[in-house]
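Have a look at protein09.csv below; it lists CSV, C-alpha atoms.
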```csv
chain,number,residue,atom,x,y,z
A,1,MET,CA,-22.1,-17.6,14.3
A,2,ALA,CA,-18.9,-15.6,13.6
A,3,LYS,CA,-15.8,-15.9,15.6
A,4,LEU,CA,-13.0,-13.3,15.7
A,5,THR,CA,-9.5,-14.1,17.0
A,6,PHE,CA,-7.2,-11.2,17.8
A,7,LYS,CA,-3.5,-11.5,18.0
A,8,GLU,CA,-3.4,-9.0,20.7
A,9,GLU,CA,0.3,-8.7,21.2
A,10,ASN,CA,0.6,-7.3,17.7
A,11,CYS,CA,-2.2,-4.8,18.1
A,12,LYS,CA,-1.0,-1.2,18.0
A,13,GLY,CA,-4.4,0.3,19.1
A,14,CYS,CA,-4.8,2.4,15.9
A,15,GLY,CA,-8.6,2.0,16.0
A,16,LEU,CA,-9.1,1.6,12.2
A,17,CYS,CA,-11.0,-1.7,12.9
A,18,VAL,CA,-13.3,0.1,15.3
A,19,ASP,CA,-14.3,2.6,12.6
A,20,ALA,CA,-14.6,-0.1,9.9
A,21,CYS,CA,-17.1,-2.2,11.9
A,22,PRO,CA,-20.5,-1.7,10.3
A,23,LYS,CA,-22.2,-2.9,13.5
A,24,GLY,CA,-20.1,-0.7,15.8
A,25,ILE,CA,-19.3,-3.6,18.2
A,26,LEU,CA,-15.5,-3.2,18.3
A,27,GLN,CA,-13.6,-1.1,20.8
A,28,LEU,CA,-10.1,-0.5,22.1
A,29,SER,CA,-10.0,-2.1,25.5
A,30,PRO,CA,-10.5,0.6,28.1
A,31,ASP,CA,-8.8,-1.3,30.9
A,32,ARG,CA,-6.2,-3.6,29.3
A,33,ILE,CA,-2.9,-3.0,27.6
A,34,ASN,CA,-0.6,-5.4,25.7
A,35,LYS,CA,3.1,-5.8,26.0
A,36,LYS,CA,3.8,-2.9,23.7
A,37,GLY,CA,1.6,-0.6,25.9
A,38,HIS,CA,-1.3,-0.3,23.4
A,39,HIS,CA,-5.0,-0.7,24.3
A,40,PRO,CA,-5.8,-3.7,22.1
A,41,ALA,CA,-8.9,-4.0,20.0
A,42,GLU,CA,-11.7,-6.3,21.3
A,43,LEU,CA,-15.2,-7.3,20.5
A,44,LYS,CA,-17.9,-5.8,22.8
A,45,ASN,CA,-20.7,-8.1,21.7
A,46,GLU,CA,-19.7,-11.4,20.2
A,47,ALA,CA,-23.3,-12.4,19.4
A,48,ALA,CA,-23.8,-9.4,17.1
A,49,CYS,CA,-20.8,-10.1,14.9
A,50,VAL,CA,-21.8,-11.2,11.4
A,51,GLY,CA,-18.2,-12.0,10.3
A,52,CYS,CA,-18.1,-9.5,7.5
A,53,ALA,CA,-14.3,-9.2,8.0
A,54,SER,CA,-14.4,-5.4,7.5
A,55,CYS,CA,-12.3,-5.0,10.6
A,56,ALA,CA,-9.7,-7.5,9.4
A,57,MET,CA,-9.5,-5.8,6.0
A,58,MET,CA,-8.7,-2.5,7.6
A,59,CYS,CA,-6.2,-3.8,10.2
A,60,PRO,CA,-2.7,-2.7,9.1
A,61,ASP,CA,-1.1,-5.3,11.2
A,62,CYS,CA,-3.3,-8.2,10.1
A,63,ILE,CA,-4.0,-9.4,13.7
A,64,ILE,CA,-7.7,-10.4,13.1
A,65,LYS,CA,-8.7,-13.9,12.0
A,66,VAL,CA,-12.4,-14.3,11.0
A,67,GLU,CA,-14.2,-17.5,11.1
A,68,ARG,CA,-17.8,-18.1,10.3
B,1,MET,CA,-14.7,-21.9,8.1
B,2,VAL,CA,-12.0,-19.3,8.1
B,3,VAL,CA,-13.1,-16.4,6.0
B,4,PHE,CA,-10.1,-14.1,6.7
B,5,ASP,CA,-6.6,-14.8,7.9
B,6,LYS,CA,-3.1,-13.5,7.3
B,7,PRO,CA,-2.0,-14.5,3.8
B,8,HIS,CA,0.7,-17.2,3.5
B,9,SER,CA,3.0,-14.8,1.6
B,10,LEU,CA,3.2,-12.5,4.5
B,11,ILE,CA,5.5,-13.8,7.2
B,12,ASP,CA,3.9,-13.9,10.6
B,13,VAL,CA,6.0,-11.3,12.4
B,14,PRO,CA,5.0,-8.0,13.9
B,15,LEU,CA,5.4,-5.1,11.4
B,16,HIS,CA,7.6,-2.2,12.5
B,17,TYR,CA,5.3,0.4,11.0
B,18,CYS,CA,3.7,3.1,13.2
B,19,PRO,CA,0.1,2.5,14.5
B,20,GLY,CA,-2.4,3.2,11.7
B,21,CYS,CA,0.2,3.2,8.9
B,22,THR,CA,-1.5,1.8,5.8
B,23,HIS,CA,1.7,0.2,4.6
B,24,GLY,CA,0.5,-2.9,6.5
B,25,ILE,CA,-2.7,-3.0,4.5
B,26,VAL,CA,-0.9,-2.7,1.2
B,27,HIS,CA,1.6,-5.4,2.3
B,28,ARG,CA,-1.3,-7.7,2.9
B,29,LEU,CA,-2.9,-6.9,-0.4
B,30,VAL,CA,0.3,-7.7,-2.3
B,31,ALA,CA,0.7,-11.0,-0.3
B,32,GLU,CA,-2.9,-11.9,-1.0
B,33,ALA,CA,-2.4,-11.3,-4.8
B,34,ILE,CA,0.7,-13.5,-4.7
B,35,ASP,CA,-1.2,-16.2,-2.8
B,36,GLU,CA,-4.2,-16.1,-5.1
B,37,LEU,CA,-2.2,-16.2,-8.3
B,38,GLY,CA,-0.1,-19.1,-6.9
B,39,ILE,CA,3.2,-17.4,-7.6
B,40,GLU,CA,4.8,-17.4,-4.2
B,41,GLY,CA,7.5,-19.8,-5.3
B,42,LYS,CA,8.6,-17.7,-8.2
B,43,ALA,CA,8.0,-14.2,-6.9
B,44,ILE,CA,10.9,-11.9,-6.4
B,45,GLY,CA,10.4,-8.6,-4.6
B,46,ILE,CA,12.6,-5.5,-4.7
B,47,ALA,CA,12.5,-3.5,-1.5
B,48,PRO,CA,13.1,0.3,-1.6
B,49,VAL,CA,14.7,2.8,0.7
B,50,GLY,CA,12.2,4.5,3.0
B,51,CYS,CA,9.8,3.3,5.7
B,52,SER,CA,9.2,0.1,3.8
B,53,VAL,CA,12.9,-0.6,3.5
B,54,MET,CA,12.4,-3.7,5.7
B,55,ALA,CA,9.7,-5.1,3.4
B,56,TYR,CA,12.2,-8.0,2.8
B,57,ASP,CA,11.5,-9.1,6.4
B,58,TYR,CA,7.8,-9.4,5.7
B,59,PHE,CA,7.2,-11.0,2.3
B,60,ASN,CA,7.6,-14.8,2.2
B,61,CYS,CA,9.4,-14.7,-1.1
B,62,ASP,CA,12.9,-13.9,-2.4
B,63,MET,CA,13.6,-10.2,-1.8
B,64,ILE,CA,16.4,-7.9,-2.9
B,65,GLU,CA,17.2,-4.5,-1.4
B,66,ALA,CA,17.9,-1.9,-4.0
B,67,ALA,CA,19.8,1.4,-3.7
B,68,HIS,CA,17.6,4.4,-3.2
B,69,GLY,CA,15.2,4.8,-6.1
B,70,ARG,CA,16.8,2.1,-8.2
B,71,ALA,CA,14.3,-0.7,-7.6
B,72,PRO,CA,12.8,-0.5,-11.2
B,73,ALA,CA,16.4,-0.8,-12.6
B,74,VAL,CA,17.1,-3.8,-10.4
B,75,ALA,CA,13.8,-5.3,-11.2
B,76,THR,CA,14.5,-4.9,-14.9
B,77,GLY,CA,17.8,-6.9,-14.5
B,78,VAL,CA,16.2,-9.6,-12.5
B,79,LYS,CA,13.3,-10.0,-14.9
B,80,ARG,CA,15.4,-10.0,-18.0
B,81,ALA,CA,17.8,-12.6,-16.4
B,82,ASN,CA,14.9,-14.7,-15.0
B,83,PRO,CA,11.9,-14.1,-17.3
B,84,GLU,CA,10.0,-17.0,-15.7
B,85,ASN,CA,10.0,-15.2,-12.3
B,86,ILE,CA,7.4,-12.7,-11.2
B,87,VAL,CA,9.2,-9.5,-10.2
B,88,PHE,CA,7.7,-6.7,-8.2
B,89,THR,CA,9.0,-3.5,-6.6
B,90,TYR,CA,7.4,-1.9,-3.5
B,91,GLN,CA,8.4,1.7,-3.3
B,92,GLY,CA,7.4,4.9,-1.5
B,93,ASP,CA,7.1,8.4,-3.0
B,94,GLY,CA,10.5,9.5,-1.8
B,95,ASP,CA,12.0,6.5,-3.5
B,96,LEU,CA,9.9,6.3,-6.7
B,97,ALA,CA,8.9,9.9,-7.3
B,98,SER,CA,12.0,11.7,-6.2
B,99,ILE,CA,15.4,10.1,-6.4
B,100,GLY,CA,14.1,7.2,-8.6
B,101,THR,CA,12.1,9.2,-11.1
B,102,ALA,CA,14.5,8.5,-14.0
B,103,GLU,CA,14.4,4.7,-13.3
B,104,THR,CA,10.6,4.7,-13.0
B,105,VAL,CA,10.0,6.7,-16.2
B,106,HIS,CA,12.4,4.6,-18.3
B,107,ALA,CA,11.2,1.3,-17.0
B,108,ALA,CA,7.7,2.5,-18.0
B,109,ALA,CA,8.9,3.7,-21.4
B,110,ARG,CA,10.6,0.4,-22.1
B,111,ASN,CA,7.4,-1.4,-21.0
B,112,GLU,CA,9.5,-3.7,-18.8
B,113,ASN,CA,7.4,-6.7,-17.7
B,114,ILE,CA,7.4,-5.8,-14.0
B,115,THR,CA,4.9,-4.8,-11.4
B,116,ILE,CA,5.4,-1.7,-9.3
B,117,ILE,CA,3.5,-0.9,-6.1
B,118,PHE,CA,3.9,2.8,-5.4
B,119,ILE,CA,2.9,4.1,-2.0
B,120,ASN,CA,2.2,7.8,-2.1
B,121,ASN,CA,1.8,9.4,1.3
B,122,ALA,CA,2.8,12.9,0.3
B,123,ILE,CA,5.7,13.0,2.8
B,124,TYR,CA,9.1,11.6,3.6
B,125,GLY,CA,8.2,9.2,6.4
B,126,MET,CA,11.4,7.4,7.5
B,127,THR,CA,13.5,10.5,7.7
B,128,GLY,CA,11.0,12.3,9.9
B,129,GLY,CA,8.4,14.1,7.9
B,130,GLN,CA,10.1,16.3,5.4
B,131,MET,CA,8.4,17.7,2.3
B,132,ALA,CA,8.4,15.2,-0.6
B,133,PRO,CA,7.9,15.9,-4.3
B,134,THR,CA,4.4,14.6,-3.8
B,135,SER,CA,3.5,16.9,-0.8
B,136,LEU,CA,0.4,18.9,-1.6
B,137,PRO,CA,0.5,22.7,-2.2
B,138,GLY,CA,0.1,24.3,1.3
B,139,GLN,CA,0.9,21.1,3.1
B,140,VAL,CA,2.7,21.6,6.4
B,141,THR,CA,5.7,19.4,6.9
B,142,GLN,CA,9.0,19.6,8.9
B,143,THR,CA,10.7,21.5,6.0
B,144,SER,CA,7.6,23.5,5.0
B,145,PRO,CA,6.3,24.7,8.4
B,146,TYR,CA,4.2,27.4,6.7
B,147,GLY,CA,2.9,25.1,4.1
B,148,ARG,CA,4.4,24.0,0.7
B,149,ASP,CA,5.0,27.3,-1.2
B,150,THR,CA,4.7,26.4,-4.9
B,151,SER,CA,6.5,29.5,-6.0
B,152,LEU,CA,9.5,28.3,-4.1
B,153,CYS,CA,9.2,24.5,-4.1
B,154,GLY,CA,7.2,23.8,-7.3
B,155,TRP,CA,4.3,21.6,-7.7
B,156,PRO,CA,3.7,17.9,-6.8
B,157,VAL,CA,4.6,15.2,-9.2
B,158,LYS,CA,1.6,13.2,-10.4
B,159,ILE,CA,3.2,9.9,-11.4
B,160,CYS,CA,0.2,8.2,-12.9
B,161,GLU,CA,-0.7,11.2,-15.1
B,162,MET,CA,2.9,11.7,-16.1
B,163,LEU,CA,3.5,8.0,-17.1
B,164,SER,CA,0.1,7.8,-18.9
B,165,GLN,CA,1.5,10.2,-21.5
B,166,LEU,CA,4.1,7.5,-22.5
B,167,ASP,CA,3.3,4.8,-25.1
B,168,GLY,CA,5.2,2.2,-23.0
B,169,PRO,CA,3.3,1.3,-19.9
B,170,GLU,CA,0.6,-1.4,-20.0
B,171,TYR,CA,-1.4,-0.5,-16.9
B,172,LEU,CA,-1.5,2.5,-14.5
B,173,GLU,CA,-4.1,2.9,-11.8
B,174,ARG,CA,-4.4,5.0,-8.7
B,175,VAL,CA,-6.2,3.6,-5.7
B,176,THR,CA,-6.3,4.2,-1.9
B,177,VAL,CA,-6.9,2.1,1.2
B,178,ASN,CA,-8.8,4.5,3.5
B,179,ASN,CA,-11.9,2.5,3.8
B,180,VAL,CA,-13.2,-1.1,3.2
B,181,ALA,CA,-14.6,-0.3,-0.2
B,182,ASN,CA,-11.4,1.3,-1.4
B,183,VAL,CA,-9.3,-1.6,0.1
B,184,ARG,CA,-11.3,-4.0,-2.1
B,185,LYS,CA,-10.7,-1.9,-5.2
B,186,ALA,CA,-7.0,-1.6,-4.3
B,187,LYS,CA,-6.9,-5.4,-4.0
B,188,LYS,CA,-8.4,-5.8,-7.4
B,189,ALA,CA,-5.9,-3.3,-9.0
B,190,ILE,CA,-2.9,-5.0,-7.3
B,191,LYS,CA,-4.0,-8.4,-8.4
B,192,LYS,CA,-4.5,-7.2,-12.0
B,193,ALA,CA,-1.0,-5.7,-11.9
B,194,PHE,CA,0.5,-9.1,-11.1
B,195,GLN,CA,-1.8,-10.9,-13.5
B,196,ASN,CA,-0.6,-8.6,-16.3
B,197,GLN,CA,3.0,-9.7,-15.6
B,198,VAL,CA,2.0,-13.4,-15.5
B,199,GLU,CA,0.4,-12.9,-18.9
B,200,GLY,CA,3.5,-11.0,-20.2
B,201,LYS,CA,1.6,-7.8,-20.9
B,202,GLY,CA,4.3,-5.5,-19.5
B,203,PHE,CA,4.7,-2.6,-17.1
B,204,SER,CA,2.0,-2.2,-14.5
B,205,LEU,CA,2.1,0.5,-11.8
B,206,ILE,CA,-0.4,0.8,-9.0
B,207,GLU,CA,-0.2,4.1,-7.0
B,208,VAL,CA,-1.7,3.7,-3.5
B,209,LEU,CA,-2.6,6.9,-1.7
B,210,SER,CA,-1.5,6.1,1.8
B,211,ALA,CA,-1.7,7.6,5.3
B,212,CYS,CA,1.2,8.7,7.4
B,213,PRO,CA,-0.5,9.6,10.7
B,214,THR,CA,2.8,10.1,12.6
B,215,ASN,CA,4.3,12.7,10.3
B,216,TRP,CA,1.1,14.3,9.3
B,217,GLY,CA,0.6,14.9,13.0
B,218,MET,CA,-2.8,13.2,13.2
B,219,THR,CA,-4.6,10.2,14.7
B,220,PRO,CA,-4.9,7.2,12.3
B,221,ARG,CA,-8.6,8.0,11.9
B,222,GLU,CA,-8.0,11.7,11.1
B,223,ALA,CA,-5.3,10.6,8.6
B,224,LEU,CA,-7.7,8.4,6.7
B,225,LYS,CA,-10.2,11.3,6.5
B,226,TRP,CA,-7.4,13.6,5.4
B,227,ILE,CA,-6.9,11.3,2.3
B,228,ASP,CA,-10.5,11.8,1.4
B,229,ASP,CA,-10.5,15.5,2.0
B,230,ASN,CA,-7.1,16.6,0.6
B,231,MET,CA,-5.3,13.8,-1.3
B,232,ILE,CA,-8.1,12.4,-3.5
B,233,PRO,CA,-9.1,15.9,-4.8
B,234,TYR,CA,-5.5,16.5,-5.9
B,235,TYR,CA,-4.7,12.9,-6.9
B,236,PRO,CA,-7.9,11.6,-8.5
B,237,LEU,CA,-8.4,7.9,-8.2
B,238,GLY,CA,-8.9,5.7,-11.3
B,239,VAL,CA,-7.3,3.8,-14.2
B,240,TYR,CA,-4.9,6.1,-16.1
B,241,LYS,CA,-3.9,3.6,-18.7
B,242,ASP,CA,-5.0,0.1,-19.6
B,243,ARG,CA,-3.6,-0.6,-23.0
B,244,SER,CA,-5.1,-4.1,-23.4
B,245,ALA,CA,-8.6,-2.9,-22.6
B,246,ALA,CA,-8.2,0.1,-24.9
B,247,LYS,CA,-7.0,-2.2,-27.7
B,248,GLU,CA,-10.0,-4.6,-27.1
B,249,ALA,CA,-12.4,-1.6,-27.2
B,250,ALA,CA,-10.9,-0.4,-30.4
B,251,GLU,CA,-11.3,-3.8,-32.1
```

Output the file's structure as structure tokens, nothing else.
Amino acid sequence: MAKLTFKEENCKGCGLCVDACPKGILQLSPDRINKKGHHPAELKNEAACVGCASCAMMCPDCIIKVER
Amino acid sequence: MVVFDKPHSLIDVPLHYCPGCTHGIVHRLVAEAIDELGIEGKAIGIAPVGCSVMAYDYFNCDMIEAAHGRAPAVATGVKRANPENIVFTYQGDGDLASIGTAETVHAAARNENITIIFINNAIYGMTGGQMAPTSLPGQVTQTSPYGRDTSLCGWPVKICEMLSQLDGPEYLERVTVNNVANVRKAKKAIKKAFQNQVEGKGFSLIEVLSACPTNWGMTPREALKWIDDNMIPYYPLGVYKDRSAAKEAAE
């Protein structure tokens, strides 16, 4: 069971993690914004995450921690 | 078990870069290489002038800010005075391939035992998107609104190809970070560049094709695709020089 932790306040909503996810289970939150005014990245389906860390590797701001 | 987290050599502060700027990815790869080689305590970084001018706020090692383009010269001095330290520069294309070309070429020719991380995003980022020496023919920028006219502005500078003609440099490779596979390759290249210095082999330069979504006028996703479609055909990826490997192969 993989666990992703997002440091949401540092997210700039660029969406590179969303494209990198091989399972297609990441999205930019459609209804939340962080203090900077960006829609932060979030996991749509926690159970489907395999913890490959592709998202974390593409995140320019290094906000994703991956545990497995 | 933690399989991925921010490397220790990268200070835990928000980066000032624009959304989708790949500087952040390369910062992380450099920090990971420093962590993995266990050289955080003796690493000294030289920050450039350009978007990454504030790299000294992000790396968890000693940093020096050099005058525009002079990072390889400063690195030369630091390395010669403190040969036991691991000295790297982190420079953009406006810094390394424009005002600092002389310092770059001569540091390579002297085979200074330093590591250079060269970010090529084909534009001047910090100053607002002007044409850089590395801008592609026909590329639209603030100062080439009808596209770079090579009859007027000349042709882009291909740093890896140019330096590979010298006998001096130890290792030259061009990589990019526009997808996960390429990030892995870039990581390997950057780590090798540091490893070369640890082993005393000499001058290593890694050119990273990088995205500038803001000044290219694209979304971060489009920018990564633009690297594939436009930059890689003009700046082919690969190892341009690996003297140790060539020597081994010859023996």

### Message
I need the chain B residues near chain A as a PyMOL selection string; criterion: at most 8 Å, counting only C-alpha atoms.
### Response
chain B and resi 1-6+14-15+18-25+28+179-180+183+219-221

### Task
Provide the atom CA of Ile46 of chain B to atom CA of Thr76 of chain B distance in Å, to one decimal place.
10.4 Å

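Here atom CA of Phe59 of chain B and atom CA of Tyr17 of chain B stand 14.5 Å from one another.
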
#### Entry: Contact residues around segment 171-174 of chain B with only C-alpha atoms at 9 Å, ignoring same-chain residues under 2 positions, as a ChimeraX atom specification
/B:160-161,163-164,169,176,186,189,192-193,196,201-209,235-244

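Between atom CA of Val105 of chain B and atom CA of Ser9 of chain B there is a distance of 28.8 Å.
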
Coords for segment 141-163 of chain B, N, CA, C and O atoms, as a tab-separated table (two decimals), in the first residue's frame:
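The resulting file, decode.tsv, is shown below:
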```
chain	number	residue	atom	x	y	z
B	141	THR	N	10.94	35.13	-29.64
B	141	THR	CA	11.24	35.61	-28.29
B	141	THR	C	10.88	37.10	-28.25
B	141	THR	O	10.45	37.66	-29.25
B	142	GLN	N	11.09	37.72	-27.09
B	142	GLN	CA	10.77	39.15	-26.97
B	142	GLN	C	11.56	39.99	-27.96
B	142	GLN	O	11.07	40.99	-28.47
B	143	THR	N	12.81	39.59	-28.21
B	143	THR	CA	13.66	40.40	-29.10
B	143	THR	C	13.75	39.81	-30.51
B	143	THR	O	14.50	40.31	-31.34
B	144	SER	N	13.03	38.71	-30.75
B	144	SER	CA	12.92	38.20	-32.13
B	144	SER	C	11.45	37.84	-32.37
B	144	SER	O	11.10	36.68	-32.51
B	145	PRO	N	10.60	38.87	-32.42
B	145	PRO	CA	9.16	38.62	-32.49
B	145	PRO	C	8.72	37.92	-33.78
B	145	PRO	O	7.64	37.34	-33.83
B	146	TYR	N	9.58	37.98	-34.83
B	146	TYR	CA	9.24	37.27	-36.07
B	146	TYR	C	10.04	35.97	-36.19
B	146	TYR	O	10.13	35.38	-37.25
B	147	GLY	N	10.64	35.55	-35.10
B	147	GLY	CA	11.47	34.34	-35.11
B	147	GLY	C	12.93	34.72	-35.29
B	147	GLY	O	13.25	35.72	-35.93
B	148	ARG	N	13.83	33.90	-34.72
B	148	ARG	CA	15.27	34.20	-34.84
B	148	ARG	C	15.70	34.11	-36.30
B	148	ARG	O	15.59	33.06	-36.93
B	149	ASP	N	16.17	35.24	-36.81
B	149	ASP	CA	16.62	35.32	-38.19
B	149	ASP	C	18.13	35.04	-38.20
B	149	ASP	O	18.93	35.86	-37.76
B	150	THR	N	18.51	33.87	-38.73
B	150	THR	CA	19.93	33.48	-38.64
B	150	THR	C	20.83	34.35	-39.53
B	150	THR	O	22.03	34.42	-39.29
B	151	SER	N	20.24	35.01	-40.54
B	151	SER	CA	21.08	35.86	-41.37
B	151	SER	C	21.49	37.12	-40.62
B	151	SER	O	22.49	37.76	-40.91
B	152	LEU	N	20.68	37.47	-39.62
B	152	LEU	CA	20.95	38.66	-38.82
B	152	LEU	C	21.59	38.31	-37.48
B	152	LEU	O	22.51	38.97	-37.01
B	153	CYS	N	21.09	37.25	-36.85
B	153	CYS	CA	21.48	36.94	-35.46
B	153	CYS	C	22.41	35.74	-35.36
B	153	CYS	O	22.78	35.35	-34.26
B	154	GLY	N	22.74	35.13	-36.48
B	154	GLY	CA	23.64	33.98	-36.41
B	154	GLY	C	22.94	32.73	-35.93
B	154	GLY	O	21.72	32.70	-35.78
B	155	TRP	N	23.76	31.73	-35.66
B	155	TRP	CA	23.22	30.42	-35.32
B	155	TRP	C	23.46	30.10	-33.84
B	155	TRP	O	24.37	30.63	-33.23
B	156	PRO	N	22.66	29.20	-33.30
B	156	PRO	CA	22.81	28.84	-31.88
B	156	PRO	C	24.18	28.22	-31.57
B	156	PRO	O	24.79	27.60	-32.44
B	157	VAL	N	24.60	28.42	-30.33
B	157	VAL	CA	25.86	27.84	-29.86
B	157	VAL	C	25.58	26.47	-29.28
B	157	VAL	O	24.78	26.34	-28.36
B	158	LYS	N	26.24	25.45	-29.85
B	158	LYS	CA	26.07	24.09	-29.32
B	158	LYS	C	27.27	23.79	-28.43
B	158	LYS	O	28.34	23.42	-28.93
B	159	ILE	N	27.08	23.97	-27.15
B	159	ILE	CA	28.20	23.91	-26.21
B	159	ILE	C	28.85	22.52	-26.18
B	159	ILE	O	30.08	22.41	-26.25
B	160	CYS	N	28.07	21.47	-26.07
B	160	CYS	CA	28.66	20.13	-25.96
B	160	CYS	C	29.47	19.78	-27.20
B	160	CYS	O	30.59	19.27	-27.10
B	161	GLU	N	28.91	20.08	-28.40
B	161	GLU	CA	29.62	19.79	-29.64
B	161	GLU	C	30.91	20.59	-29.71
B	161	GLU	O	31.96	20.09	-30.10
B	162	MET	N	30.79	21.87	-29.30
B	162	MET	CA	31.95	22.75	-29.38
B	162	MET	C	33.07	22.27	-28.45
B	162	MET	O	34.22	22.13	-28.87
B	163	LEU	N	32.72	21.98	-27.20
B	163	LEU	CA	33.76	21.58	-26.23
B	163	LEU	C	34.32	20.20	-26.56
B	163	LEU	O	35.46	19.90	-26.20
```
